[in-house]
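Q: My structure is stored as model-v7.pdb, with PDB, C-alpha atoms.
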ATOM      1  CA  MET A   1       0.000   0.000   0.000
ATOM      2  CA  THR A   2       1.388   3.403  -0.947
ATOM      3  CA  ALA A   3       1.556   6.374   1.376
ATOM      4  CA  LEU A   4      -1.120   8.106  -0.707
ATOM      5  CA  ASN A   5      -3.503   5.223  -0.127
ATOM      6  CA  ARG A   6      -2.732   4.990   3.616
ATOM      7  CA  VAL A   7      -3.434   8.640   4.449
ATOM      8  CA  PRO A   8      -7.171   8.581   3.656
ATOM      9  CA  SER A   9      -7.629   5.226   5.429
ATOM     10  CA  LEU A  10      -5.920   6.635   8.521
ATOM     11  CA  MET A  11      -8.147   9.692   8.316
ATOM     12  CA  VAL A  12     -11.239   7.460   8.100
ATOM     13  CA  ARG A  13     -10.130   5.548  11.202
ATOM     14  CA  ALA A  14      -9.631   8.833  12.994
ATOM     15  CA  GLY A  15     -13.063   9.998  11.829
ATOM     16  CA  THR A  16     -11.707  12.866   9.768
ATOM     17  CA  ALA A  17     -12.312  11.681   6.202
ATOM     18  CA  SER A  18     -13.252  14.496   3.898
ATOM     19  CA  ALA A  19     -14.413  14.771   0.314
ATOM     20  CA  PHE A  20     -10.985  16.173  -0.459
ATOM     21  CA  ALA A  21      -9.188  13.159   0.987
ATOM     22  CA  ILE A  22     -11.517  10.693  -0.685
ATOM     23  CA  ALA A  23     -11.119  12.458  -4.036
ATOM     24  CA  ALA A  24      -7.328  12.331  -3.649
ATOM     25  CA  VAL A  25      -7.450   8.531  -3.537
ATOM     26  CA  GLY A  26      -9.095   8.442  -6.956
ATOM     27  CA  GLY A  27      -6.165  10.323  -8.453
ATOM     28  CA  SER A  28      -7.962  13.597  -9.009
ATOM     29  CA  VAL A  29      -8.493  16.329  -6.506
ATOM     30  CA  VAL A  30     -11.785  18.162  -6.410
ATOM     31  CA  VAL A  31     -11.473  21.546  -4.776
ATOM     32  CA  PRO A  32     -14.594  23.696  -4.433
ATOM     33  CA  GLY A  33     -14.341  26.954  -6.363
ATOM     34  CA  LEU A  34     -11.755  25.720  -8.873
ATOM     35  CA  ALA A  35     -12.664  24.939 -12.470
ATOM     36  CA  PRO A  36     -12.382  21.337 -13.605
ATOM     37  CA  ASP A  37      -9.662  20.516 -16.156
ATOM     38  CA  ALA A  38     -12.018  20.751 -19.144
ATOM     39  CA  ALA A  39     -13.199  24.223 -18.190
ATOM     40  CA  ALA A  40      -9.634  25.379 -17.516
ATOM     41  CA  ALA A  41      -8.396  24.338 -20.975
ATOM     42  CA  THR A  42      -6.655  27.109 -22.890
ATOM     43  CA  PRO A  43      -7.614  28.110 -26.427
ATOM     44  CA  ALA A  44      -4.407  26.377 -27.560
ATOM     45  CA  THR A  45      -5.326  23.015 -26.011
ATOM     46  CA  LYS A  46      -8.886  23.341 -27.289
ATOM     47  CA  ALA A  47      -7.632  24.114 -30.814
ATOM     48  CA  LEU A  48      -5.265  21.139 -30.640
ATOM     49  CA  LYS A  49      -8.152  18.840 -29.712
ATOM     50  CA  VAL A  50     -10.305  20.239 -32.521
ATOM     51  CA  ALA A  51      -7.510  19.671 -35.058
ATOM     52  CA  ALA A  52      -6.996  16.098 -33.794
ATOM     53  CA  SER A  53     -10.745  15.462 -34.102
ATOM     54  CA  LYS A  54     -10.445  16.237 -37.828
ATOM     55  CA  LYS A  55      -8.009  13.354 -38.392
ATOM     56  CA  GLY A  56      -8.642  11.831 -41.825
ATOM     57  CA  SER A  57     -10.463  14.859 -43.262
ATOM     58  CA  PRO A  58      -9.405  15.378 -46.889
ATOM     59  CA  TYR A  59      -7.129  18.216 -47.957
ATOM     60  CA  LYS A  60      -8.698  20.730 -50.314
ATOM     61  CA  TYR A  61      -6.947  23.926 -51.348
ATOM     62  CA  GLY A  62      -8.790  26.950 -49.935
ATOM     63  CA  ALA A  63     -11.064  24.875 -47.675
ATOM     64  CA  THR A  64     -11.740  25.992 -44.103
ATOM     65  CA  GLY A  65     -13.871  23.087 -42.860
ATOM     66  CA  PRO A  66     -15.773  21.550 -41.373
ATOM     67  CA  ARG A  67     -15.160  18.507 -43.625
ATOM     68  CA  ARG A  68     -12.217  19.568 -45.839
ATOM     69  CA  PHE A  69      -9.206  21.751 -45.054
ATOM     70  CA  ASP A  70      -6.049  23.274 -46.387
ATOM     71  CA  CYS A  71      -3.253  23.925 -43.863
ATOM     72  CA  SER A  72      -4.281  27.397 -42.728
ATOM     73  CA  GLY A  73      -7.950  26.455 -43.035
ATOM     74  CA  LEU A  74      -7.374  23.791 -40.373
ATOM     75  CA  THR A  75      -5.651  26.215 -37.992
ATOM     76  CA  LEU A  76      -8.277  28.901 -38.653
ATOM     77  CA  TYR A  77     -11.120  26.431 -38.014
ATOM     78  CA  SER A  78      -9.500  24.889 -34.928
ATOM     79  CA  PHE A  79      -8.766  28.204 -33.229
ATOM     80  CA  LYS A  80     -12.179  29.614 -34.163
ATOM     81  CA  LYS A  81     -13.804  26.641 -32.395
ATOM     82  CA  ALA A  82     -11.545  27.431 -29.420
ATOM     83  CA  GLY A  83     -12.723  31.057 -29.360
ATOM     84  CA  LYS A  84      -9.771  32.687 -31.143
ATOM     85  CA  LYS A  85      -9.785  34.455 -34.487
ATOM     86  CA  LEU A  86      -6.925  33.976 -36.938
ATOM     87  CA  PRO A  87      -6.403  35.459 -40.405
ATOM     88  CA  ARG A  88      -6.939  33.195 -43.435
ATOM     89  CA  THR A  89      -3.516  32.272 -44.866
ATOM     90  CA  ALA A  90      -0.389  30.781 -43.261
ATOM     91  CA  ALA A  91       1.601  33.956 -44.023
ATOM     92  CA  GLN A  92      -1.126  36.222 -42.597
ATOM     93  CA  GLN A  93      -1.334  34.028 -39.477
ATOM     94  CA  TYR A  94       2.436  34.276 -39.041
ATOM     95  CA  ASN A  95       2.360  38.063 -39.458
ATOM     96  CA  LYS A  96      -0.380  38.445 -36.814
ATOM     97  CA  THR A  97       1.204  36.076 -34.281
ATOM     98  CA  ARG A  98       3.806  36.886 -31.659
ATOM     99  CA  HIS A  99       6.905  34.808 -32.392
ATOM    100  CA  ILE A 100       8.617  32.468 -29.905
ATOM    101  CA  GLY A 101      11.700  30.266 -29.965
ATOM    102  CA  SER A 102      11.584  26.500 -30.305
ATOM    103  CA  GLY A 103      12.594  26.158 -26.651
ATOM    104  CA  SER A 104       9.370  27.891 -25.621
ATOM    105  CA  ARG A 105       7.009  25.877 -27.822
ATOM    106  CA  LYS A 106       4.145  23.997 -26.210
ATOM    107  CA  ALA A 107       1.341  21.778 -27.429
ATOM    108  CA  GLY A 108      -1.230  23.969 -29.165
ATOM    109  CA  ASP A 109       1.281  26.455 -30.551
ATOM    110  CA  LEU A 110       1.335  27.330 -34.235
ATOM    111  CA  VAL A 111       4.201  25.942 -36.330
ATOM    112  CA  PHE A 112       5.081  27.926 -39.447
ATOM    113  CA  PHE A 113       7.136  26.337 -42.211
ATOM    114  CA  HIS A 114       9.250  28.701 -44.257
ATOM    115  CA  SER A 115      11.666  28.948 -47.131
ATOM    116  CA  GLY A 116      13.780  32.038 -46.513
ATOM    117  CA  SER A 117      11.289  34.673 -45.417
ATOM    118  CA  ASN A 118       8.352  33.008 -47.216
ATOM    119  CA  VAL A 119       5.896  31.169 -44.947
ATOM    120  CA  TYR A 120       4.305  28.373 -46.986
ATOM    121  CA  HIS A 121       2.670  26.018 -44.434
ATOM    122  CA  VAL A 122       1.225  25.984 -40.922
ATOM    123  CA  GLY A 123       0.203  23.344 -38.397
ATOM    124  CA  ILE A 124      -0.569  22.996 -34.695
ATOM    125  CA  TYR A 125       2.180  21.658 -32.437
ATOM    126  CA  ALA A 126       1.132  18.431 -30.723
ATOM    127  CA  GLY A 127       4.283  17.890 -28.645
ATOM    128  CA  LYS A 128       7.195  15.487 -29.093
ATOM    129  CA  GLY A 129       8.209  17.106 -32.389
ATOM    130  CA  LYS A 130       4.860  16.436 -34.103
ATOM    131  CA  ILE A 131       2.118  18.577 -35.622
ATOM    132  CA  TRP A 132      -1.495  18.209 -36.661
ATOM    133  CA  HIS A 133      -1.844  19.587 -40.169
ATOM    134  CA  ALA A 134      -3.500  19.304 -43.564
ATOM    135  CA  PRO A 135      -0.459  18.435 -45.713
ATOM    136  CA  LYS A 136      -1.298  18.634 -49.435
ATOM    137  CA  THR A 137      -3.662  17.662 -52.233
ATOM    138  CA  GLY A 138      -4.414  13.936 -52.108
ATOM    139  CA  ASP A 139      -3.607  13.709 -48.394
ATOM    140  CA  VAL A 140      -5.669  14.010 -45.201
ATOM    141  CA  VAL A 141      -5.439  15.820 -41.875
ATOM    142  CA  ARG A 142      -2.946  13.877 -39.792
ATOM    143  CA  LEU A 143      -0.349  13.876 -37.053
ATOM    144  CA  GLN A 144       3.163  14.001 -38.487
ATOM    145  CA  LYS A 145       6.706  14.534 -37.289
ATOM    146  CA  ILE A 146       8.152  17.951 -38.169
ATOM    147  CA  TRP A 147      10.361  17.180 -41.165
ATOM    148  CA  THR A 148      12.561  20.287 -41.333
ATOM    149  CA  LYS A 149      14.385  22.764 -39.136
ATOM    150  CA  SER A 150      12.983  25.632 -41.239
ATOM    151  CA  VAL A 151      10.127  26.378 -38.860
ATOM    152  CA  TRP A 152       9.065  29.283 -36.717
ATOM    153  CA  TYR A 153       6.663  29.159 -33.774
ATOM    154  CA  GLY A 154       3.845  31.310 -32.501
ATOM    155  CA  PRO A 155       2.096  30.665 -29.191
ATOM    156  CA  GLY A 156      -1.429  29.329 -29.359
ATOM    157  CA  SER A 157      -2.130  30.522 -25.803
ATOM    158  CA  SER A 158      -4.571  33.272 -25.005
ATOM    159  CA  ASP A 159      -1.959  35.974 -25.603
ATOM    160  CA  ALA A 160      -0.721  34.447 -28.837
ATOM    161  CA  PRO A 161      -2.402  35.796 -31.937
ATOM    162  CA  GLU A 162      -2.111  39.556 -31.649
ATOM    163  CA  GLY A 163      -5.205  41.600 -32.292
ATOM    164  CA  THR A 164      -7.561  38.637 -32.074
ATOM    165  CA  ALA A 165     -10.874  38.422 -30.373
ATOM    166  CA  ALA A 166     -13.181  35.624 -29.383
ATOM    167  CA  THR A 167     -15.832  34.820 -31.951
TER     168      THR A 167
END
As structure tokens, please, write out the structure in this file.

A:
Amino acid sequence: MTALNRVPSLMVRAGTASAFAIAAVGGSVVVPGLAPDAAAATPATKALKVAASKKGSPYKYGATGPRRFDCSGLTLYSFKKAGKKLPRTAAQQYNKTRHIGSGSRKAGDLVFFHSGSNVYHVGIYAGKGKIWHAPKTGDVVRLQKIWTKSVWYGPGSSDAPEGTAAT
């Protein structure tokens, strides 16, 4: 028996069991007045979940969902569902997003692919070097390892896209 499991049983024997102690045994702590995990999700984590839910949706140039997407259409759609407004194209999204280094990237951040100063693709960082994106004609929305070092990042958190508002 672990120490975590013993504490509530000792409290029960002493007659001091509480909802907090009982909840701790189940692995999650319920504290009155605090939002549950789902309600505390950031726009970035919500957008990441939306993008993942579109797995297998066909790529279509210029499409913004809900059934077909191009790369920036997927990010636009995902963040809109999460309450954030993004511009339409990958380059416009990059230009309206605060930029961060790769060491600061987190799941839900935007990943911009570039050639020189030209941004040509965007996806949503899923962690562990992977992104959710709509790759190209003939392909589908999928999780894929980042294939190049020619990427820039923009935070998907609530302060990320500059000049955006909830829709």

Q: Could you tell me how far atom CA of Ser150 of chain A lies from atom CA of Gly116 of chain A, in Å and to one decimal?

A: 8.3 Å

Q: Show which residues sit within 8 Å of Ala90 of chain A, as an MDAnalysis selection string. Count all atoms listed in the file, and ignore same-chain residues fewer than 3 positions away.

A: chainID A and resid 71:72 93:94 112 119:122

Q: Using the chain letters and numbers from the file, which residues does the PyMOL selection byres ((chain A and resi 45) around 9) grab, as a PyMOL selection string?

A: chain A and resi 41-44+46-50+82+107-109+156-157

Q: Care to translate the PyMOL selection byres ((chain A and resi 133) around 10) into actual residues of this file, as a count of residues only?

A: 30

Q: For the structure provided, state which residues fall under the PyMOL selection byres ((chain A and resi 152) around 8), and present them as a list in words.

A: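 Going through the file, the PyMOL selection byres ((chain A and resi 152) around 8) ends up selecting His99, Ile100, Gly101, Ser102, Val111, Phe112, Phe113, His114, Ser150, Val151, Tyr153 and Gly154 of chain A.
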
Q: So how far away is atom CA of Ile146 of chain A from atom CA of Ala63 of chain A, in Å?

A: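 Atom CA of Ile146 of chain A lies 22.5 Å from atom CA of Ala63 of chain A.
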
Q: State, in Å with one decimal place, the distance from atom CA of Gly129 of chain A to atom CA of Leu86 of chain A.

A: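 Between atom CA of Gly129 of chain A and atom CA of Leu86 of chain A the gap is 23.1 Å.
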